[in-house]
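To be precise, the following lines are data25.cif, and they hold mmCIF, C-alpha atoms.
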data_my_file
#
loop_
_atom_site.label_atom_id
_atom_site.label_comp_id
_atom_site.auth_asym_id
_atom_site.auth_seq_id
_atom_site.Cartn_x
_atom_site.Cartn_y
_atom_site.Cartn_z
CA MET A 1 -58.43 25.66 192.30
CA ALA A 2 -59.05 28.98 194.19
CA SER A 3 -59.86 32.19 192.28
CA ASN A 4 -60.20 35.75 193.76
CA LEU A 5 -63.04 37.98 192.52
CA PRO A 6 -62.12 41.48 191.30
CA ALA A 7 -63.17 44.44 193.40
CA LEU A 8 -66.69 45.64 192.81
CA GLU A 9 -67.34 49.06 191.38
CA GLY A 10 -67.73 51.71 194.20
CA VAL A 11 -65.93 49.66 196.83
CA GLU A 12 -62.44 50.98 197.41
CA ASN A 13 -59.82 50.54 200.04
CA GLN A 14 -61.79 48.23 202.23
CA GLU A 15 -60.23 45.51 204.24
CA PRO A 16 -61.26 42.05 203.30
CA PRO A 17 -63.85 40.69 205.68
CA SER A 18 -62.98 37.98 207.99
CA ALA A 19 -64.04 34.43 207.39
CA GLY A 20 -67.70 34.03 208.02
CA ALA A 21 -68.62 37.72 207.51
CA TRP A 22 -70.86 36.72 204.65
CA GLY A 23 -70.41 33.11 205.12
CA GLU A 24 -68.70 30.91 202.59
CA TRP A 25 -71.02 30.20 199.67
CA ASN A 26 -70.57 27.16 197.66
CA PRO A 27 -73.10 26.79 194.89
CA THR A 28 -74.77 23.45 194.48
CA GLU A 29 -76.87 21.85 191.81
CA ASP A 30 -80.04 22.64 193.81
CA SER A 31 -79.25 26.29 194.54
CA VAL A 32 -77.96 27.26 191.17
CA ARG A 33 -80.21 27.26 188.12
CA PRO A 34 -78.34 26.46 184.95
CA ILE A 35 -77.95 29.40 182.67
CA ARG A 36 -78.42 29.39 179.04
CA GLY A 37 -75.32 28.83 177.11
CA LYS A 38 -72.69 26.24 176.58
CA HIS A 39 -72.04 23.93 179.52
CA ARG A 40 -71.19 20.30 180.08
CA ASN A 41 -71.62 18.02 183.07
CA ALA A 42 -68.54 16.46 184.50
CA LYS A 43 -67.96 12.85 183.43
CA GLY A 44 -68.53 10.37 186.19
CA GLY A 45 -68.25 12.94 189.09
CA GLY A 46 -71.81 14.29 189.15
CA GLY A 47 -70.62 17.94 189.80
CA LEU A 48 -70.39 21.05 187.64
CA ALA A 49 -67.55 21.48 185.19
CA ARG A 50 -64.94 24.01 186.01
CA SER A 51 -65.41 27.03 183.81
CA SER A 52 -66.02 30.73 183.79
CA THR A 53 -69.76 29.99 183.97
CA VAL A 54 -69.49 28.92 187.64
CA LEU A 55 -67.69 32.14 188.54
CA GLY A 56 -70.41 34.18 186.84
CA VAL A 57 -73.13 32.33 188.72
CA GLY A 58 -71.39 33.07 192.00
CA ILE A 59 -71.20 36.80 191.31
CA ILE A 60 -74.88 37.02 190.26
CA ALA A 61 -75.97 35.10 193.36
CA ALA A 62 -73.97 37.39 195.58
CA VAL A 63 -75.43 40.49 194.01
CA GLY A 64 -78.96 39.12 194.17
CA ALA A 65 -78.61 38.21 197.83
CA GLY A 66 -77.30 41.49 199.17
CA GLY A 67 -78.07 43.97 196.45
CA ILE A 68 -75.69 45.95 194.44
CA ALA A 69 -75.33 48.63 197.03
CA THR A 70 -74.69 46.13 199.71
CA ALA A 71 -72.14 44.42 197.51
CA GLN A 72 -70.43 47.72 196.92
CA ASN A 73 -70.15 48.36 200.62
CA ARG A 74 -68.74 45.00 201.44
CA PRO A 75 -65.22 43.89 201.04
CA GLN A 76 -64.13 41.46 198.45
CA VAL A 77 -64.52 37.84 199.39
CA PRO A 78 -62.39 35.23 197.80
CA ILE A 79 -64.34 32.39 196.36
CA SER A 80 -62.64 29.07 196.16
CA MET A 81 -63.68 26.71 193.45
CA PRO A 82 -63.33 23.06 194.24
CA SER A 83 -61.50 20.90 191.81
CA LEU A 84 -64.20 18.84 190.17
CA PRO A 85 -63.31 15.52 188.58
CA GLY A 86 -63.88 15.17 184.88
CA LEU A 87 -62.77 16.58 181.63
CA SER A 88 -63.12 19.93 179.99
CA ASP A 89 -64.76 20.55 176.67
CA ASP A 90 -61.36 20.61 174.99
CA ASP A 91 -60.39 17.38 176.67
CA SER A 92 -63.66 15.72 175.63
CA ASP A 93 -63.29 16.92 172.07
CA ALA A 94 -59.71 15.68 172.04
CA ASP A 95 -60.85 12.32 173.34
CA THR A 96 -63.52 12.17 170.66
CA ARG A 97 -61.06 13.13 167.99
CA ARG A 98 -58.54 10.71 169.37
CA ALA A 99 -61.14 7.93 169.44
CA ASP A 100 -62.13 8.79 165.87
CA ALA A 101 -58.49 8.84 164.88
CA ASP A 102 -57.92 5.54 166.66
CA ALA A 103 -60.92 4.06 164.86
CA ARG A 104 -59.68 5.40 161.57
CA ASP A 105 -56.18 4.11 162.35
CA ALA A 106 -57.59 0.71 163.32
CA LYS A 107 -59.67 0.61 160.14
CA ALA A 108 -56.71 1.74 158.08
CA ALA A 109 -54.54 -0.83 159.85
CA SER A 110 -57.15 -3.52 159.17
CA VAL A 111 -57.38 -2.45 155.55
CA ALA A 112 -53.61 -2.31 155.34
CA GLN A 113 -53.35 -5.72 156.97
CA SER A 114 -55.93 -7.12 154.57
CA GLN A 115 -54.10 -5.45 151.71
CA ASP A 116 -50.79 -6.79 153.00
CA GLN A 117 -52.29 -10.26 153.27
CA ALA A 118 -53.73 -9.95 149.77
CA ASP A 119 -50.39 -8.62 148.50
CA ALA A 120 -48.55 -11.43 150.28
CA GLY A 121 -50.92 -13.97 148.74
CA GLU A 122 -50.47 -12.44 145.31
CA VAL A 123 -46.69 -12.40 145.79
CA LEU A 124 -46.78 -16.06 146.84
CA ARG A 125 -49.02 -16.95 143.90
CA THR A 126 -46.75 -15.04 141.52
CA ARG A 127 -43.70 -16.77 142.99
CA ILE A 128 -45.30 -20.21 142.66
CA LEU A 129 -46.27 -19.45 139.05
CA GLN A 130 -42.74 -18.21 138.35
CA GLN A 131 -41.23 -21.33 139.91
CA ALA A 132 -43.58 -23.56 137.89
CA GLU A 133 -42.75 -21.66 134.72
CA THR A 134 -39.04 -21.90 135.51
CA GLN A 135 -39.36 -25.64 136.07
CA HIS A 136 -41.28 -26.05 132.80
CA GLU A 137 -38.61 -24.04 131.00
CA ALA A 138 -35.88 -26.16 132.60
CA VAL A 139 -37.67 -29.34 131.50
CA ASP A 140 -38.07 -27.93 127.98
CA VAL A 141 -34.40 -26.97 127.86
CA GLN A 142 -33.34 -30.41 129.12
CA THR A 143 -35.61 -32.12 126.61
CA ARG A 144 -34.25 -29.97 123.80
CA ILE A 145 -30.66 -30.67 124.87
CA GLN A 146 -31.34 -34.41 124.99
CA ALA A 147 -33.01 -34.30 121.57
CA GLU A 148 -30.10 -32.37 120.10
CA GLN A 149 -27.61 -34.77 121.66
CA ALA A 150 -29.54 -37.77 120.33
CA ALA A 151 -29.64 -36.16 116.87
CA ARG A 152 -25.89 -35.51 116.99
CA GLU A 153 -25.21 -39.09 118.09
CA ALA A 154 -27.47 -40.46 115.35
CA ALA A 155 -25.78 -38.25 112.75
CA ALA A 156 -22.35 -39.32 114.00
CA ALA A 157 -23.36 -42.99 113.92
CA GLU A 158 -24.77 -42.60 110.40
CA ALA A 159 -21.64 -40.79 109.23
CA LYS A 160 -19.46 -43.49 110.81
CA ALA A 161 -21.50 -46.24 109.14
CA LYS A 162 -21.25 -44.49 105.76
CA ARG A 163 -17.52 -43.96 106.23
CA GLU A 164 -16.99 -47.61 107.17
CA GLU A 165 -19.12 -48.71 104.23
CA ALA A 166 -17.13 -46.49 101.86
CA GLU A 167 -13.84 -47.80 103.28
CA LYS A 168 -15.09 -51.38 102.93
CA ALA A 169 -16.19 -50.75 99.34
CA ALA A 170 -12.84 -49.13 98.55
CA GLU A 171 -10.99 -52.06 100.13
CA GLU A 172 -13.08 -54.58 98.17
CA ALA A 173 -12.50 -52.64 94.96
CA ARG A 174 -8.78 -52.51 95.64
CA ALA A 175 -8.67 -56.23 96.43
CA ALA A 176 -10.68 -57.00 93.29
CA ALA A 177 -8.36 -54.84 91.21
CA GLU A 178 -5.30 -56.53 92.69
CA LYS A 179 -6.82 -59.96 92.10
CA GLN A 180 -7.73 -59.08 88.52
CA ALA A 181 -4.27 -57.71 87.90
CA LYS A 182 -2.70 -60.81 89.41
CA GLU A 183 -4.88 -63.12 87.34
CA ALA A 184 -4.10 -61.14 84.22
CA ALA A 185 -0.39 -61.33 84.97
CA GLU A 186 -0.63 -65.07 85.62
CA ALA A 187 -2.61 -65.60 82.44
CA LYS A 188 -0.13 -63.57 80.47
CA ALA A 189 2.78 -65.49 81.97
CA LYS A 190 1.02 -68.76 81.29
CA ALA A 191 0.27 -67.82 77.73
CA ALA A 192 3.85 -66.76 77.24
CA ALA A 193 5.11 -70.05 78.69
CA GLU A 194 2.76 -72.06 76.51
CA ALA A 195 3.80 -70.13 73.47
CA GLU A 196 7.41 -70.72 74.33
CA GLN A 197 6.82 -74.44 74.82
CA GLU A 198 4.79 -74.57 71.66
CA GLN A 199 7.63 -72.95 69.86
CA ALA A 200 10.09 -75.35 71.46
CA ALA A 201 7.85 -78.29 70.57
CA LYS A 202 8.06 -77.48 66.93
CA PRO A 203 11.25 -78.57 65.27
CA SER A 204 11.71 -77.44 61.78
CA GLY A 205 9.25 -79.92 60.54
CA SER A 206 6.84 -82.50 61.83
CA TYR A 207 7.14 -83.30 65.58
CA PHE A 208 5.60 -81.69 68.68
CA LEU A 209 5.88 -82.04 72.43
CA PRO A 210 2.88 -83.99 73.75
CA THR A 211 1.59 -81.23 76.07
CA SER A 212 2.30 -77.77 77.51
CA SER A 213 2.50 -76.05 80.91
CA TYR A 214 3.98 -79.15 82.42
CA THR A 215 6.60 -80.32 84.89
CA ILE A 216 8.46 -83.63 84.45
CA THR A 217 8.00 -85.55 87.69
CA SER A 218 9.18 -89.05 86.82
CA TYR A 219 11.68 -90.34 84.27
CA TYR A 220 11.95 -93.60 82.37
CA GLY A 221 13.50 -96.54 84.32
CA ALA A 222 12.90 -95.05 87.80
CA ALA A 223 12.51 -97.84 90.38
CA GLY A 224 9.60 -98.01 92.81
CA SER A 225 6.75 -100.05 94.13
CA MET A 226 4.23 -97.87 92.35
CA TRP A 227 4.84 -99.64 89.04
CA SER A 228 3.92 -103.22 88.44
CA SER A 229 7.17 -103.98 86.59
CA GLY A 230 9.28 -102.55 89.39
CA HIS A 231 10.46 -99.63 87.30
CA HIS A 232 8.91 -96.72 85.42
CA THR A 233 8.22 -97.43 81.76
CA GLY A 234 7.48 -93.89 80.57
CA LEU A 235 7.95 -90.14 81.09
CA ASP A 236 5.47 -88.25 83.31
CA PHE A 237 4.37 -84.72 82.41
CA ALA A 238 2.52 -83.26 85.42
CA ALA A 239 -0.02 -80.66 84.28
CA PRO A 240 -3.42 -79.40 85.35
CA THR A 241 -6.40 -81.56 84.47
CA GLY A 242 -7.80 -80.56 81.11
CA THR A 243 -4.50 -79.47 79.60
CA PRO A 244 -4.55 -80.38 75.85
CA VAL A 245 -2.66 -83.49 74.74
CA LYS A 246 -1.26 -83.41 71.16
CA ALA A 247 -0.06 -85.90 68.63
CA VAL A 248 3.74 -85.83 68.55
CA GLY A 249 3.67 -86.67 64.85
CA ALA A 250 1.37 -87.63 62.03
CA GLY A 251 -0.14 -91.10 62.27
CA LYS A 252 -3.21 -93.20 62.96
CA ILE A 253 -4.99 -93.88 66.22
CA THR A 254 -5.19 -97.60 66.66
CA SER A 255 -6.68 -97.79 70.16
CA ALA A 256 -8.65 -95.57 72.52
CA GLY A 257 -10.46 -96.44 75.78
CA TRP A 258 -10.11 -97.68 79.32
CA SER A 259 -6.94 -99.65 80.07
CA GLY A 260 -6.84 -100.64 83.75
CA ALA A 261 -3.95 -99.04 85.66
CA TYR A 262 -3.36 -96.71 82.67
CA GLY A 263 -6.83 -95.30 82.95
CA TYR A 264 -8.09 -93.80 79.71
CA ARG A 265 -5.45 -94.43 77.03
CA ILE A 266 -4.90 -93.51 73.38
CA VAL A 267 -2.39 -95.39 71.18
CA LEU A 268 -0.98 -93.40 68.23
CA GLN A 269 0.96 -95.32 65.59
CA LEU A 270 3.37 -93.16 63.62
CA GLU A 271 4.25 -93.71 59.98
CA ASP A 272 7.45 -95.61 60.88
CA GLY A 273 5.49 -98.03 63.12
CA THR A 274 6.52 -96.44 66.43
CA GLU A 275 3.70 -96.45 69.00
CA VAL A 276 3.14 -93.58 71.37
CA TRP A 277 0.89 -94.22 74.39
CA TYR A 278 -1.04 -91.38 76.06
CA CYS A 279 -2.24 -92.60 79.50
CA HIS A 280 -4.38 -91.35 82.49
CA LEU A 281 -6.39 -89.02 80.25
CA SER A 282 -9.43 -87.22 81.54
CA SER A 283 -11.04 -87.19 78.11
CA MET A 284 -10.35 -88.34 74.55
CA SER A 285 -11.01 -86.02 71.62
CA VAL A 286 -10.12 -88.44 68.80
CA THR A 287 -10.52 -92.19 69.18
CA SER A 288 -9.71 -93.41 65.67
CA GLY A 289 -8.46 -92.40 62.28
CA GLN A 290 -5.66 -90.30 60.94
CA VAL A 291 -4.29 -87.28 62.83
CA GLY A 292 -1.70 -84.72 61.95
CA ALA A 293 1.29 -83.64 63.97
CA GLY A 294 0.24 -81.23 66.68
CA ASP A 295 -3.47 -82.15 66.59
CA THR A 296 -5.25 -82.29 70.00
CA ILE A 297 -6.32 -85.83 70.65
CA GLY A 298 -7.21 -85.70 74.38
CA ARG A 299 -6.69 -83.95 77.71
CA VAL A 300 -4.57 -84.49 80.82
CA GLY A 301 -6.34 -86.29 83.69
CA ALA A 302 -5.85 -88.52 86.74
CA THR A 303 -7.56 -91.76 85.79
CA GLY A 304 -6.14 -95.17 86.63
CA ASN A 305 -3.31 -95.76 89.09
CA VAL A 306 -2.11 -92.22 89.80
CA THR A 307 -1.40 -89.85 92.69
CA GLY A 308 -2.28 -86.71 90.72
CA PRO A 309 -3.12 -85.38 87.25
CA HIS A 310 -0.36 -85.98 84.70
CA LEU A 311 0.32 -87.42 81.25
CA HIS A 312 2.16 -90.75 81.23
CA LEU A 313 3.89 -90.95 77.82
CA GLU A 314 5.33 -94.26 76.59
CA VAL A 315 7.21 -94.84 73.38
CA ARG A 316 7.35 -98.44 72.05
CA LYS A 317 9.27 -99.95 69.16
CA GLY A 318 8.72 -103.55 68.17
CA GLY A 319 6.60 -104.05 71.27
CA SER A 320 9.32 -102.90 73.71
CA THR A 321 9.50 -99.63 75.60
CA VAL A 322 12.26 -97.09 74.96
CA ASP A 323 13.22 -93.93 76.85
CA PRO A 324 10.71 -91.25 75.75
CA LEU A 325 13.07 -88.43 76.68
CA SER A 326 15.83 -89.73 74.43
CA TRP A 327 13.37 -90.46 71.62
CA LEU A 328 11.91 -86.87 71.80
CA ARG A 329 15.34 -85.38 71.77
CA SER A 330 16.15 -87.48 68.72
CA LYS A 331 13.30 -85.70 67.01
CA GLY A 332 14.74 -82.32 67.85
CA LEU A 333 12.47 -81.66 70.87
CA THR A 334 13.59 -80.51 74.32
CA PRO A 335 11.14 -81.48 77.04
#
Show me, as structure tokens, the structure contained in the file I just sent.
Amino acid sequence: MASNLPALEGVENQEPPSAGAWGEWNPTEDSVRPIRGKHRNAKGGGGLARSSTVLGVGIIAAVGAGGIATAQNRPQVPISMPSLPGLSDDDSDADTRRADADARDAKAASVAQSQDQADAGEVLRTRILQQAETQHEAVDVQTRIQAEQAAREAAAAEAKAKREEAEKAAEEARAAAEKQAKEAAEAKAKAAAEAEQEQAAKPSGSYFLPTSSYTITSYYGAAGSMWSSGHHTGLDFAAPTGTPVKAVGAGKITSAGWSGAYGYRIVLQLEDGTEVWYCHLSSMSVTSGQVGAGDTIGRVGATGNVTGPHLHLEVRKGGSTVDPLSWLRSKGLTP
């Protein structure tokens, strides 16, 4: 870059000298002694840095060569300064600052990257811990729900079992009450029937029906192969086994024991000589001696030739059988 020197003091209105009047002076490293002060060599070019120092050196050299007077009498000579490669002080300082800034930026970036990596790792760790905690909480919630559901089901099953047990107990109690009431009603009806028959068996004096709670199932003279004589010789009173058998009148027992097809038999002889046979007995209470009218002498059974429990009653006069139904009615009884 070319730079013109200002006019020297005492030199006025002179024409500039032609080229080569003084000769073009270009200072070199050998001809110019560095002055004291701030200066910096050009980077990489090996020449002097462009600055006001070079200009000053040129002026001093010119004055020293020709003297001040001579310089005043000579015209001004433009001095061209070659463009030297390199950087100025400001540029070098800027580069240094920029390099420092770049280093600081790189360090800050590295620190930031390390911090970001650490933060990312911490975030990942925190997320993993949160996920694990969430999973544990989900498992705990599921376990609690299952436990509560199992408890509810167990309570429901227990309540159902208790309810069914209570219903069963109530049903059994109701059935037992109904059965007891039915049995009581049957017993009452039976007792009433027996009392009625007992009352009917008593005429105004001394004769009784031979048993109670009975049903007449076969009459005297009925034909059939079940009887050895071809016809029925007595009157059958069907009654439950164990039903009491009573003396129809006062008399004496002349026979008691087993009698073949008649089973267990008791023969009661009344005061007028009439014999009354009690056959198929299950047991005999009196086997001999005197008895009064209405006394229990045995019980209904099913011994001998029978198809079911009943009392076979025969009435005999002079060794021959008569119709028991007619004979009882003659005594004022209504079988």
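Of the residues listed (A:Ala256, A:Ala293, A:Ala109, A:Leu311), A:Leu311 shows the shortest atom-to-atom separation from Leu281 in chain A; distances use only C-alpha atoms.
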Reference answer for the PyMOL selection byres ((chain A and resi 317-334) around 8), as a JSON list (two decimals) with C-alpha atoms, in the coordinates of the input:
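Output file out.json is given in full below:
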[["chain", "number", "residue", "atom", "x", "y", "z"],
["A", 200, "ALA", "CA", 10.09, -75.35, 71.46],
["A", 201, "ALA", "CA", 7.85, -78.29, 70.57],
["A", 202, "LYS", "CA", 8.06, -77.48, 66.93],
["A", 203, "PRO", "CA", 11.25, -78.57, 65.27],
["A", 207, "TYR", "CA", 7.14, -83.30, 65.58],
["A", 208, "PHE", "CA", 5.60, -81.69, 68.68],
["A", 209, "LEU", "CA", 5.88, -82.04, 72.43],
["A", 219, "TYR", "CA", 11.68, -90.34, 84.27],
["A", 220, "TYR", "CA", 11.95, -93.60, 82.37],
["A", 221, "GLY", "CA", 13.50, -96.54, 84.32],
["A", 233, "THR", "CA", 8.22, -97.43, 81.76],
["A", 234, "GLY", "CA", 7.48, -93.89, 80.57],
["A", 235, "LEU", "CA", 7.95, -90.14, 81.09],
["A", 273, "GLY", "CA", 5.49, -98.03, 63.12],
["A", 274, "THR", "CA", 6.52, -96.44, 66.43],
["A", 275, "GLU", "CA", 3.70, -96.45, 69.00],
["A", 313, "LEU", "CA", 3.89, -90.95, 77.82],
["A", 314, "GLU", "CA", 5.33, -94.26, 76.59],
["A", 315, "VAL", "CA", 7.21, -94.84, 73.38],
["A", 316, "ARG", "CA", 7.35, -98.44, 72.05],
["A", 335, "PRO", "CA", 11.14, -81.48, 77.04]]
Edge lengths and centre in Å, axis-aligned, range 109-128 of chain A plus 8 Å each side, as lines of an AutoDock Vina configuration file:
center_x = -50.5
center_y = -10.5
center_z = 150.7
size_x = 29.7
size_y = 35.4
size_z = 34.3
> In Å to one decimal, how far is CA of Gly298 in chain A from CA of Asp272 in chain A?
Replying inline: 22.3 Å
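When the PyMOL selection byres ((chain A and resi 285) around 10) is evaluated against the file, it yields Pro244, Val245, Ala256, Ile266, Ser283, Met284, Val286, Thr287, Ser288, Asp295, Thr296, Ile297, Gly298 and Arg299 of chain A.
Here CA of Val306 in chain A stands at a distance of 11.4 Å from CA of Gly260 in chain A.
Take the PyMOL selection byres ((chain A and resi 212) around 8) and apply it to this file: it picks Glu194, Gln197, Glu198, Leu209, Pro210, Thr211, Ser213, Tyr214, Ala239, Thr243 and Pro244 of chain A.
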Keeping only C-alpha atoms, write those residues as an mmCIF file, keeping the file's coordinate frame.
data_model
loop_
_atom_site.group_PDB
_atom_site.id
_atom_site.type_symbol
_atom_site.label_atom_id
_atom_site.label_comp_id
_atom_site.auth_asym_id
_atom_site.auth_seq_id
_atom_site.Cartn_x
_atom_site.Cartn_y
_atom_site.Cartn_z
ATOM 1 C CA GLU A 194 2.760 -72.060 76.510
ATOM 2 C CA GLN A 197 6.820 -74.440 74.820
ATOM 3 C CA GLU A 198 4.790 -74.570 71.660
ATOM 4 C CA LEU A 209 5.880 -82.040 72.430
ATOM 5 C CA PRO A 210 2.880 -83.990 73.750
ATOM 6 C CA THR A 211 1.590 -81.230 76.070
ATOM 7 C CA SER A 213 2.500 -76.050 80.910
ATOM 8 C CA TYR A 214 3.980 -79.150 82.420
ATOM 9 C CA ALA A 239 -0.020 -80.660 84.280
ATOM 10 C CA THR A 243 -4.500 -79.470 79.600
ATOM 11 C CA PRO A 244 -4.550 -80.380 75.850
#
